[in-house]
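Novice: As input, take my_file.cif (mmCIF, C-alpha atoms):
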data_work
loop_
_atom_site.label_atom_id
_atom_site.label_comp_id
_atom_site.auth_asym_id
_atom_site.auth_seq_id
_atom_site.Cartn_x
_atom_site.Cartn_y
_atom_site.Cartn_z
CA MET A 1 23.20 18.99 1.01
CA ARG A 2 19.67 19.37 -0.34
CA ILE A 3 20.48 17.09 -3.30
CA ARG A 4 21.80 14.42 -0.93
CA LEU A 5 18.63 14.56 1.17
CA ILE A 6 16.44 14.20 -1.91
CA ALA A 7 18.48 11.24 -3.12
CA ALA A 8 18.28 9.56 0.29
CA ALA A 9 14.52 10.06 0.41
CA ALA A 10 14.14 8.60 -3.07
CA ALA A 11 16.25 5.59 -2.12
CA GLY A 12 14.13 5.06 0.97
CA CYS A 13 10.94 5.17 -1.10
CA LEU A 14 12.25 2.73 -3.69
CA ALA A 15 13.87 0.30 -1.26
CA PRO A 16 10.66 -1.61 -0.45
CA ILE A 17 10.33 -2.71 -4.08
CA ALA A 18 13.95 -3.89 -4.23
CA LEU A 19 12.75 -7.49 -3.84
CA GLY A 20 10.49 -7.03 -6.83
CA GLN A 21 6.80 -7.24 -5.80
CA GLU A 22 7.03 -10.81 -7.11
CA ALA A 23 4.23 -13.17 -6.04
CA MET A 24 4.99 -16.80 -5.26
CA TYR A 25 3.95 -18.50 -8.52
CA THR A 26 4.40 -15.68 -11.08
CA GLN A 27 7.57 -14.11 -12.47
CA ALA A 28 8.31 -10.37 -12.27
CA ALA A 29 10.40 -8.17 -14.58
CA THR A 30 12.52 -6.99 -11.65
CA MET A 31 15.99 -8.12 -10.62
CA PRO A 32 18.82 -7.30 -8.23
CA GLY A 33 21.45 -4.80 -9.33
CA PRO A 34 24.91 -5.82 -10.58
CA GLY A 35 26.85 -7.62 -7.85
CA SER A 36 23.76 -8.02 -5.63
CA TRP A 37 21.85 -11.26 -5.16
CA ILE A 38 18.61 -12.56 -3.69
CA LEU A 39 18.25 -15.82 -1.78
CA ARG A 40 14.68 -17.13 -1.96
CA THR A 41 13.73 -20.23 0.04
CA GLN A 42 10.23 -21.73 -0.05
CA MET A 43 8.40 -24.65 1.54
CA HIS A 44 5.29 -26.09 -0.16
CA PHE A 45 2.77 -28.78 0.75
CA ILE A 46 0.84 -30.07 -2.27
CA ARG A 47 -1.96 -32.63 -2.42
CA TYR A 48 -3.09 -34.32 -5.63
CA GLY A 49 -6.10 -36.55 -6.25
CA GLU A 50 -6.45 -39.70 -8.32
CA ASN A 51 -3.96 -40.20 -11.15
CA PRO A 52 -5.46 -41.87 -14.28
CA VAL A 53 -2.05 -43.09 -15.50
CA SER A 54 -0.28 -44.39 -12.38
CA GLY A 55 -3.42 -45.55 -10.57
CA GLU A 56 -2.49 -43.63 -7.42
CA THR A 57 -5.49 -42.51 -5.41
CA ARG A 58 -3.65 -39.66 -3.70
CA GLU A 59 -0.21 -38.07 -3.56
CA ASP A 60 1.16 -35.68 -0.95
CA VAL A 61 4.31 -33.70 -1.72
CA VAL A 62 6.46 -31.57 0.57
CA GLU A 63 8.75 -29.48 -1.62
CA TRP A 64 11.66 -27.36 -0.42
CA ARG A 65 12.98 -24.90 -3.03
CA ASN A 66 16.12 -22.78 -2.75
CA ALA A 67 16.81 -20.22 -5.46
CA VAL A 68 19.61 -17.69 -5.87
CA GLN A 69 19.16 -14.77 -8.29
CA VAL A 70 22.38 -12.90 -9.09
CA GLY A 71 22.56 -9.49 -10.79
CA LEU A 72 25.09 -9.92 -13.61
CA ALA A 73 24.61 -6.49 -15.22
CA ARG A 74 22.23 -3.56 -14.96
CA ALA A 75 19.50 -5.36 -16.93
CA LEU A 76 20.58 -9.00 -16.64
CA SER A 77 20.31 -11.63 -13.90
CA LEU A 78 20.84 -15.37 -13.49
CA THR A 79 18.65 -17.56 -11.27
CA VAL A 80 19.54 -21.07 -10.08
CA ASP A 81 16.62 -22.91 -8.43
CA VAL A 82 17.19 -26.27 -6.70
CA PRO A 83 14.03 -28.12 -5.51
CA ALA A 84 14.08 -31.11 -3.18
CA ALA A 85 10.92 -33.09 -2.41
CA TRP A 86 9.41 -35.75 -0.16
CA LYS A 87 6.50 -37.68 -1.67
CA ARG A 88 3.92 -40.04 -0.20
CA SER A 89 1.64 -41.84 -2.64
CA GLU A 90 -1.33 -44.08 -1.98
CA SER A 91 -2.71 -46.74 -4.32
CA PRO A 92 -4.78 -49.95 -4.01
CA SER A 93 -1.51 -51.85 -3.52
CA GLY A 94 -0.42 -49.74 -0.52
CA ARG A 95 1.50 -46.63 0.45
CA GLU A 96 4.97 -45.56 -0.71
CA HIS A 97 7.43 -42.84 0.31
CA ALA A 98 10.29 -41.30 -1.64
CA VAL A 99 12.81 -38.47 -1.20
CA GLY A 100 14.84 -36.86 -3.95
CA VAL A 101 16.02 -33.82 -5.87
CA GLU A 102 13.97 -32.58 -8.83
CA ASP A 103 15.27 -30.89 -12.00
CA VAL A 104 17.44 -27.82 -11.36
CA GLU A 105 16.27 -24.64 -13.13
CA LEU A 106 18.76 -22.23 -14.71
CA MET A 107 17.21 -19.00 -15.99
CA LEU A 108 18.52 -15.75 -17.44
CA LYS A 109 16.32 -12.66 -17.15
CA TYR A 110 17.11 -9.76 -19.49
CA ARG A 111 15.19 -6.50 -19.16
CA VAL A 112 14.44 -5.02 -22.58
CA TYR A 113 12.21 -2.10 -21.55
CA MET A 114 11.79 0.14 -18.51
CA ASP A 115 9.74 3.31 -18.02
CA ASN A 116 9.68 5.03 -14.62
CA PRO A 117 7.20 7.95 -14.89
CA GLY A 118 7.68 9.02 -11.26
CA GLY A 119 7.68 7.85 -7.66
CA ILE A 120 7.59 4.06 -7.52
CA ASP A 121 5.49 3.79 -10.70
CA THR A 122 7.18 1.64 -13.30
CA THR A 123 6.59 -0.48 -16.39
CA ARG A 124 9.18 -3.14 -17.15
CA VAL A 125 9.47 -5.94 -19.70
CA ALA A 126 11.98 -8.78 -19.50
CA LEU A 127 12.86 -11.81 -21.60
CA LEU A 128 13.28 -15.18 -19.89
CA GLY A 129 15.44 -18.04 -21.11
CA GLY A 130 17.13 -21.09 -19.69
CA ALA A 131 16.59 -24.77 -19.02
CA TYR A 132 15.50 -27.37 -16.52
CA VAL A 133 18.51 -29.64 -16.06
CA THR A 134 18.21 -33.12 -14.56
CA SER A 135 19.60 -33.46 -11.07
CA GLY A 136 20.65 -37.04 -11.83
CA ASP A 137 18.20 -38.46 -9.29
CA SER A 138 15.71 -41.24 -10.12
CA ARG A 139 12.86 -40.80 -12.63
CA GLU A 140 10.52 -40.33 -9.68
CA PHE A 141 12.06 -36.84 -9.33
CA ALA A 142 14.34 -36.01 -12.27
CA SER A 143 13.61 -35.97 -16.02
CA GLN A 144 16.99 -37.45 -17.04
CA SER A 145 17.20 -34.71 -19.68
CA VAL A 146 17.80 -31.01 -20.39
CA ASN A 147 14.60 -29.11 -21.17
CA PRO A 148 15.01 -25.56 -22.55
CA HIS A 149 12.45 -22.85 -21.85
CA LEU A 150 11.85 -19.41 -23.32
CA GLY A 151 9.41 -16.61 -22.53
CA GLY A 152 8.86 -13.16 -21.14
CA VAL A 153 7.23 -11.13 -18.38
CA ILE A 154 5.76 -7.64 -17.96
CA THR A 155 5.52 -5.81 -14.61
CA ILE A 156 3.44 -2.68 -14.03
CA VAL A 157 3.35 -0.75 -10.74
CA ARG A 158 0.94 2.18 -10.30
CA GLY A 159 0.73 3.56 -6.80
CA ARG A 160 -0.54 0.82 -4.50
CA HIS A 161 -1.32 -1.56 -7.37
CA GLY A 162 1.05 -4.00 -9.05
CA PHE A 163 0.54 -6.38 -11.97
CA ASN A 164 2.72 -9.19 -13.36
CA GLN A 165 2.05 -11.30 -16.46
CA ASP A 166 4.43 -14.03 -17.59
CA LEU A 167 4.49 -16.52 -20.45
CA LEU A 168 6.98 -19.41 -20.56
CA TYR A 169 7.24 -22.26 -23.08
CA THR A 170 9.20 -25.41 -22.13
CA PHE A 171 10.56 -27.79 -24.76
CA ASN A 172 10.54 -31.13 -22.96
CA THR A 173 13.11 -33.59 -24.32
CA GLY A 174 12.50 -36.15 -21.57
CA GLY A 175 10.26 -36.71 -18.58
CA THR A 176 8.00 -39.42 -17.21
CA PRO A 177 4.34 -39.77 -18.32
CA GLY A 178 1.73 -39.32 -15.59
CA LYS A 179 3.77 -37.11 -13.25
CA ASN A 180 1.40 -34.97 -11.20
CA ASN A 181 3.54 -31.84 -11.35
CA GLY A 182 2.40 -30.44 -14.69
CA GLY A 183 5.00 -29.68 -17.32
CA GLU A 184 7.41 -32.39 -16.17
CA GLY A 185 6.21 -35.12 -18.53
CA PRO A 186 7.38 -35.82 -22.11
CA ASP A 187 5.07 -33.18 -23.65
CA ASP A 188 5.95 -29.51 -24.22
CA ALA A 189 4.27 -27.07 -21.83
CA LEU A 190 3.11 -23.45 -21.97
CA ALA A 191 2.79 -21.72 -18.60
CA PHE A 192 0.86 -18.44 -18.32
CA ASN A 193 0.61 -16.75 -14.94
CA THR A 194 -1.04 -13.52 -13.82
CA ALA A 195 -0.51 -11.80 -10.46
CA TYR A 196 -2.21 -8.78 -8.91
CA VAL A 197 -0.42 -7.18 -5.96
CA TYR A 198 -2.03 -4.55 -3.70
CA ARG A 199 -0.04 -2.62 -1.10
CA VAL A 200 -2.09 -2.76 2.10
CA PHE A 201 0.39 -0.81 4.24
CA PRO A 202 1.78 1.83 4.18
CA GLU A 203 -0.58 3.99 2.15
CA ARG A 204 2.38 6.13 1.05
CA TYR A 205 6.13 5.60 1.07
CA THR A 206 8.36 8.03 2.94
CA SER A 207 12.08 8.15 3.65
CA GLU A 208 11.28 6.39 6.96
CA THR A 209 9.55 3.41 5.33
CA GLU A 210 11.32 0.14 6.12
CA GLY A 211 8.99 -2.18 4.22
CA ALA A 212 5.48 -2.82 2.96
CA TRP A 213 2.70 -5.41 3.30
CA TYR A 214 0.88 -6.67 0.20
CA ALA A 215 -2.20 -8.77 -0.55
CA THR A 216 -1.79 -10.88 -3.68
CA LEU A 217 -4.06 -12.80 -6.03
CA GLU A 218 -2.78 -15.02 -8.83
CA MET A 219 -4.18 -17.07 -11.68
CA ASN A 220 -1.80 -19.82 -12.77
CA GLY A 221 -2.34 -21.60 -16.06
CA LEU A 222 -0.60 -24.51 -17.79
CA TYR A 223 -1.27 -26.02 -21.22
CA GLU A 224 0.54 -29.18 -22.33
CA THR A 225 0.76 -30.38 -25.93
CA ASN A 226 -1.00 -33.64 -24.97
CA GLY A 227 -4.11 -31.48 -24.44
CA ASP A 228 -4.02 -31.32 -20.64
CA THR A 229 -4.96 -27.80 -19.50
CA GLU A 230 -5.24 -26.44 -15.98
CA LEU A 231 -6.10 -23.17 -14.27
CA ARG A 232 -5.46 -22.52 -10.57
CA TRP A 233 -6.07 -19.49 -8.36
CA ALA A 234 -3.83 -18.47 -5.50
CA PRO A 235 -4.53 -15.91 -2.74
CA GLY A 236 -1.80 -14.77 -0.39
CA PHE A 237 0.09 -11.97 1.28
CA MET A 238 3.69 -10.90 1.55
CA TYR A 239 6.03 -8.48 3.23
CA GLU A 240 8.90 -6.81 1.38
CA GLY A 241 11.54 -4.77 3.13
CA ARG A 242 14.88 -3.32 2.15
CA ARG A 243 16.77 -6.56 2.77
CA PHE A 244 14.17 -9.13 3.83
CA GLY A 245 10.88 -10.50 2.54
CA PHE A 246 8.27 -13.01 3.69
CA GLU A 247 5.42 -14.63 1.76
CA VAL A 248 2.49 -16.97 2.44
CA MET A 249 0.29 -18.44 -0.30
CA ALA A 250 -2.38 -21.05 -0.98
CA GLN A 251 -3.37 -22.53 -4.34
CA PHE A 252 -6.64 -24.15 -5.43
CA PRO A 253 -8.07 -25.62 -8.66
CA LEU A 254 -10.15 -23.26 -10.78
CA TRP A 255 -10.75 -25.24 -13.99
CA ASN A 256 -9.04 -28.15 -15.69
CA LYS A 257 -9.17 -30.72 -18.46
CA LEU A 258 -6.72 -33.41 -17.41
CA ASP A 259 -6.39 -36.89 -18.94
CA GLU A 260 -2.79 -37.86 -18.11
CA ARG A 261 -2.23 -36.60 -14.57
CA ALA A 262 -4.06 -35.90 -11.34
CA GLU A 263 -5.97 -32.76 -10.44
CA LEU A 264 -4.61 -30.55 -7.69
CA ASP A 265 -6.66 -30.72 -4.48
CA PHE A 266 -4.86 -27.82 -2.80
CA ALA A 267 -1.42 -26.42 -2.04
CA VAL A 268 -0.05 -24.12 0.66
CA GLY A 269 3.35 -22.52 0.90
CA PHE A 270 5.51 -19.99 2.67
CA GLY A 271 8.88 -18.49 1.96
CA PHE A 272 11.59 -16.00 2.82
CA ARG A 273 13.70 -13.70 0.66
CA PHE A 274 16.99 -12.05 1.54
CA LEU A 275 18.74 -9.35 -0.50
CA PHE A 276 22.53 -9.24 -0.28
#
Can I see the file as structure tokens?
Specialist:
Amino acid sequence: MRIRLIAAAAAGCLAPIALGQEAMYTQAATMPGPGSWILRTQMHFIRYGENPVSGETREDVVEWRNAVQVGLARALSLTVDVPAAWKRSESPSGREHAVGVEDVELMLKYRVYMDNPGGIDTTRVALLGGAYVTSGDSREFASQSVNPHLGGVITIVRGRHGFNQDLLYTFNTGGTPGKNNGGEGPDDALAFNTAYVYRVFPERYTSETEGAWYATLEMNGLYETNGDTELRWAPGFMYEGRRFGFEVMAQFPLWNKLDERAELDFAVGFGFRFLF
């Protein structure tokens, strides 16, 4: 009986991190268990400034992303992410609207290292690999190609503090020059993202804990082989429970050197996560 109570208490303490302490724009080395899956749906509004290639003076994008991450084995998961978007662009010749489906992302995550020293503290490392596959929509949204990517991520949780660092290189075999969404042109792209997560409430987990609230701060970087480089910062907060999560984020430019696409003015987003 005592063993069962201890196990139940441990499960209750670990349940709030079941969704992974994963910020909106940065990967985490966590994943659902075998046979479980996470549905993550997000809505983003993004505004870009003047584009030196297309001549657009402004572009607004509303993006709706739906991703499913399935636990295939104890240390292996598959994520399928399908983004749809509405775009409004302004130029000296007028205003245009478009709706379409962007490239679909397929990604395997394989955990190669895990150390759990006690409580919820953990250090985990995972390899990332997959591809962005064209949706078949027009070049306004889809690359008309298959673009492999490869990388990794480390996650560290110590008490109320969490840290994620990812690195992902995309080999672009297609794409349209001048697209504002970095990494979707014809040049290869290296993404490097850092996230700090702080548990605001509760101060300590107990067997009665149903979920936790976190403040997050991210730095999101992208280097493209044409020389374009961009850094953004993103504050936000999120809630993670045993079966449900909620997140709200904003993103702003920090530093950039961009010659072939527009600078980000700002972005805001919110999302929900469900563990099944």
Novice: May I have the residues within 6 Å of A:Arg58 as JSON, numbers by chain, using only C-alpha atoms and disregarding those fewer than 4 positions away in the same chain?
Specialist: {"A": [48, 49, 50, 89, 90]}
Novice: Quick one: everything within 6 Å of A:Trp37, counting only C-alpha atoms, minus sequence neighbours fewer than 4 positions away in the same chain. Send it as a list in words.
Specialist: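 The filter keeps Pro32, Gln69, Val70, Gly71, Leu275 and Phe276 of chain A.
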Novice: Save the residues we just selected, C-alpha atoms, as a PDB file, in the frame of the given file?
Specialist:
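Final file, out-v7.pdb:
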ATOM      1  CA  PRO A  32      18.820  -7.300  -8.230  1.00  0.00           C
ATOM      2  CA  GLN A  69      19.160 -14.770  -8.290  1.00  0.00           C
ATOM      3  CA  VAL A  70      22.380 -12.900  -9.090  1.00  0.00           C
ATOM      4  CA  GLY A  71      22.560  -9.490 -10.790  1.00  0.00           C
ATOM      5  CA  LEU A 275      18.740  -9.350  -0.500  1.00  0.00           C
ATOM      6  CA  PHE A 276      22.530  -9.240  -0.280  1.00  0.00           C
TER       7      PHE A 276
END
Novice: Taking into account all atoms listed in the file, which residue in the set A:Lys87, A:Arg160, A:Lys109, A:His44 is nearest to A:Thr122?
Specialist: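 Among A:Lys87, A:Arg160, A:Lys109, A:His44, it is A:Arg160 that comes nearest to A:Thr122.
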Novice: Between A:Asn116, A:Gly185, A:Asp60, A:Ser93, which has the minimum distance to A:Arg47 (counting only C-alpha atoms)?
Specialist: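 That would be A:Asp60, the residue with the smallest distance to A:Arg47.
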Novice: How many Å lie between atom CA of A:Val82 and atom CA of A:Leu106, rounded to one decimal?
Specialist: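 For atom CA of A:Val82 relative to atom CA of A:Leu106, the distance reads 9.1 Å.
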Novice: Between A:His149, A:Arg204, A:Lys179, A:His161, which residue has the minimum interatomic distance to A:Glu59, considering all atoms listed in the file?
Specialist: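 Once distances to A:Glu59 are computed over all atoms listed in the file, the minimum belongs to A:Lys179.
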Novice: Residue by residue, what does the PyMOL selection byres ((chain A and resi 148) around 8) grab here? Present the result as a JSON list (two decimals) with C-alpha atoms, in the coordinates of the input.
Specialist:
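Saved as selection_3.json:
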[["chain", "number", "residue", "atom", "x", "y", "z"],
["A", 129, "GLY", "CA", 15.44, -18.04, -21.11],
["A", 130, "GLY", "CA", 17.13, -21.09, -19.69],
["A", 131, "ALA", "CA", 16.59, -24.77, -19.02],
["A", 132, "TYR", "CA", 15.50, -27.37, -16.52],
["A", 146, "VAL", "CA", 17.80, -31.01, -20.39],
["A", 147, "ASN", "CA", 14.60, -29.11, -21.17],
["A", 149, "HIS", "CA", 12.45, -22.85, -21.85],
["A", 150, "LEU", "CA", 11.85, -19.41, -23.32],
["A", 170, "THR", "CA", 9.20, -25.41, -22.13],
["A", 171, "PHE", "CA", 10.56, -27.79, -24.76],
["A", 172, "ASN", "CA", 10.54, -31.13, -22.96]]
Novice: Any idea what the distance is between atom CA of A:Glu247 and atom CA of A:Phe272?
Specialist: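 Atom-to-atom, atom CA of A:Glu247 to atom CA of A:Phe272, that is 6.4 Å.
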Novice: For stretch 51-54 of chain A, find every residue with an atom within 9 Å (counting all atoms listed in the file), except residues of its own chain fewer than 4 positions away, and show them as a VMD selection string.
Specialist: chain A and resid 58 to 59 91 177 to 180 259 to 263
Novice: As a ChimeraX atom specification, please: the residues near A:Gly20 (cut-off 12 Å, only C-alpha atoms, same-chain neighbours under 3 positions excluded).
Specialist: /A:14-17,23-24,26-33,38,40,69,120,122,124,155-157,162-164,197,212,214,238-245,273-275
Novice: Rounded to one decimal, what separation in Å do you get between atom CA of A:Glu56 and atom CA of A:Tyr223?
Specialist: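 Value for the atom CA of A:Glu56-atom CA of A:Tyr223 distance: 22.4 Å.
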Novice: As a check of understanding, name the residues that the PyMOL selection byres ((chain A and resi 113) around 10) selects in the supplied structure, as a PyMOL selection string.
Specialist: chain A and resi 29+75+110-112+114-115+123-127+154
Novice: For the point (3.1, -17.2, 3.0) in the file's frame, write as an NGL selection string all residues with an atom no more than 7 Å away, counting only C-alpha atoms.
Specialist: :A and (236-238 or 246-249 or 269-271)
Novice: So, with all atoms listed in the file as the atoms that count, which of A:Leu78, A:Leu39, A:Arg88, A:Asn193 lies closest to A:Thr57?
Specialist: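 The closest residue to A:Thr57 is A:Arg88.
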Novice: My list of candidates is A:Leu72, A:Val80, A:Ala234, A:Val104. Which is closest to A:Ala267 when distances are computed with all atoms listed in the file?
Specialist: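 Residue with the minimum atom-to-atom distance to A:Ala267: A:Ala234.
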Novice: Edge lengths and centre in Å to one decimal, as AutoDock Vina command-line options, is what I'm after for the box along x, y and z that holds all listed atoms of stretch 73-86 of chain A once 8 Å is added on each side.
Specialist:
--center_x 17.0 --center_y -19.7 --center_z -8.5 --size_x 31.2 --size_y 48.2 --size_z 32.8
Novice: Which is closer to A:Arg65 than all the others in A:Val101, A:Val133, A:Ile46, A:Leu108, using only C-alpha atoms?
Specialist: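 Comparing A:Val101, A:Val133, A:Ile46, A:Leu108 against A:Arg65, the winner is A:Val101.
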Novice: Please provide the set of residues having any atom within 6 Å of A:Glu63, restricted to all atoms listed in the file, with same-chain residues fewer than 3 positions apart removed, written as a PDB file with C-alpha atoms, in the frame of the given file.
Specialist:
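selection.pdb written:
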ATOM      1  CA  MET A  43       8.400 -24.650   1.540  1.00  0.00           C
ATOM      2  CA  HIS A  44       5.290 -26.090  -0.160  1.00  0.00           C
ATOM      3  CA  ALA A  84      14.080 -31.110  -3.180  1.00  0.00           C
ATOM      4  CA  ALA A  85      10.920 -33.090  -2.410  1.00  0.00           C
TER       5      ALA A  85
END
Novice: Could you rebuild stretch 81-109 of chain A with N, CA and C atoms and give it back as a compact mmCIF listing (two decimals), in the frame of the given file?
Specialist:
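Written file, part_15.txt:
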# COMPACT_ATOMS: atom_id res chain seq x y z
N ASP A 81 17.67 -22.44 -9.35
CA ASP A 81 16.62 -22.91 -8.43
C ASP A 81 16.77 -24.42 -8.26
N VAL A 82 16.99 -24.85 -7.00
CA VAL A 82 17.19 -26.27 -6.70
C VAL A 82 16.04 -26.76 -5.81
N PRO A 83 15.14 -27.61 -6.32
CA PRO A 83 14.03 -28.12 -5.51
C PRO A 83 14.28 -29.55 -5.03
N ALA A 84 14.06 -29.77 -3.75
CA ALA A 84 14.08 -31.11 -3.18
C ALA A 84 12.68 -31.45 -2.70
N ALA A 85 12.31 -32.73 -2.72
CA ALA A 85 10.92 -33.09 -2.41
C ALA A 85 10.85 -34.41 -1.65
N TRP A 86 9.82 -34.51 -0.81
CA TRP A 86 9.41 -35.75 -0.16
C TRP A 86 8.00 -36.06 -0.65
N LYS A 87 7.79 -37.31 -1.11
CA LYS A 87 6.50 -37.68 -1.67
C LYS A 87 5.94 -38.91 -0.95
N ARG A 88 4.63 -38.88 -0.73
CA ARG A 88 3.92 -40.04 -0.20
C ARG A 88 2.73 -40.31 -1.12
N SER A 89 2.71 -41.48 -1.72
CA SER A 89 1.64 -41.84 -2.64
C SER A 89 0.85 -43.02 -2.10
N GLU A 90 -0.44 -43.00 -2.39
CA GLU A 90 -1.33 -44.08 -1.98
C GLU A 90 -1.99 -44.69 -3.20
N SER A 91 -2.08 -46.01 -3.23
CA SER A 91 -2.71 -46.74 -4.32
C SER A 91 -3.37 -47.99 -3.74
N PRO A 92 -4.16 -48.72 -4.53
CA PRO A 92 -4.78 -49.95 -4.01
C PRO A 92 -3.78 -50.97 -3.48
N SER A 93 -2.53 -50.89 -3.97
CA SER A 93 -1.51 -51.85 -3.52
C SER A 93 -0.79 -51.42 -2.25
N GLY A 94 -1.05 -50.18 -1.76
CA GLY A 94 -0.42 -49.74 -0.52
C GLY A 94 0.07 -48.30 -0.58
N ARG A 95 1.00 -47.98 0.32
CA ARG A 95 1.50 -46.63 0.45
C ARG A 95 3.02 -46.64 0.25
N GLU A 96 3.54 -45.64 -0.46
CA GLU A 96 4.97 -45.56 -0.71
C GLU A 96 5.49 -44.17 -0.38
N HIS A 97 6.76 -44.11 0.02
CA HIS A 97 7.43 -42.84 0.31
C HIS A 97 8.69 -42.74 -0.53
N ALA A 98 9.06 -41.53 -0.89
CA ALA A 98 10.29 -41.30 -1.64
C ALA A 98 10.82 -39.91 -1.35
N VAL A 99 12.15 -39.76 -1.41
CA VAL A 99 12.81 -38.47 -1.20
C VAL A 99 13.83 -38.29 -2.31
N GLY A 100 13.88 -37.07 -2.89
CA GLY A 100 14.84 -36.86 -3.95
C GLY A 100 14.95 -35.40 -4.35
N VAL A 101 15.78 -35.16 -5.35
CA VAL A 101 16.02 -33.82 -5.87
C VAL A 101 15.45 -33.73 -7.28
N GLU A 102 14.59 -32.75 -7.53
CA GLU A 102 13.97 -32.58 -8.83
C GLU A 102 14.90 -31.83 -9.78
N ASP A 103 14.44 -31.60 -11.00
CA ASP A 103 15.27 -30.89 -12.00
C ASP A 103 15.67 -29.52 -11.48
N VAL A 104 16.90 -29.12 -11.75
CA VAL A 104 17.44 -27.82 -11.36
C VAL A 104 17.13 -26.83 -12.49
N GLU A 105 16.59 -25.66 -12.12
CA GLU A 105 16.27 -24.64 -13.13
C GLU A 105 17.37 -23.59 -13.21
N LEU A 106 17.83 -23.32 -14.43
CA LEU A 106 18.76 -22.23 -14.71
C LEU A 106 18.02 -21.24 -15.61
N MET A 107 17.97 -19.96 -15.19
CA MET A 107 17.21 -19.00 -15.99
C MET A 107 17.89 -17.64 -16.01
N LEU A 108 18.06 -17.11 -17.23
CA LEU A 108 18.52 -15.75 -17.44
C LEU A 108 17.31 -14.84 -17.62
N LYS A 109 17.36 -13.67 -17.00
CA LYS A 109 16.32 -12.66 -17.15
C LYS A 109 16.98 -11.39 -17.68
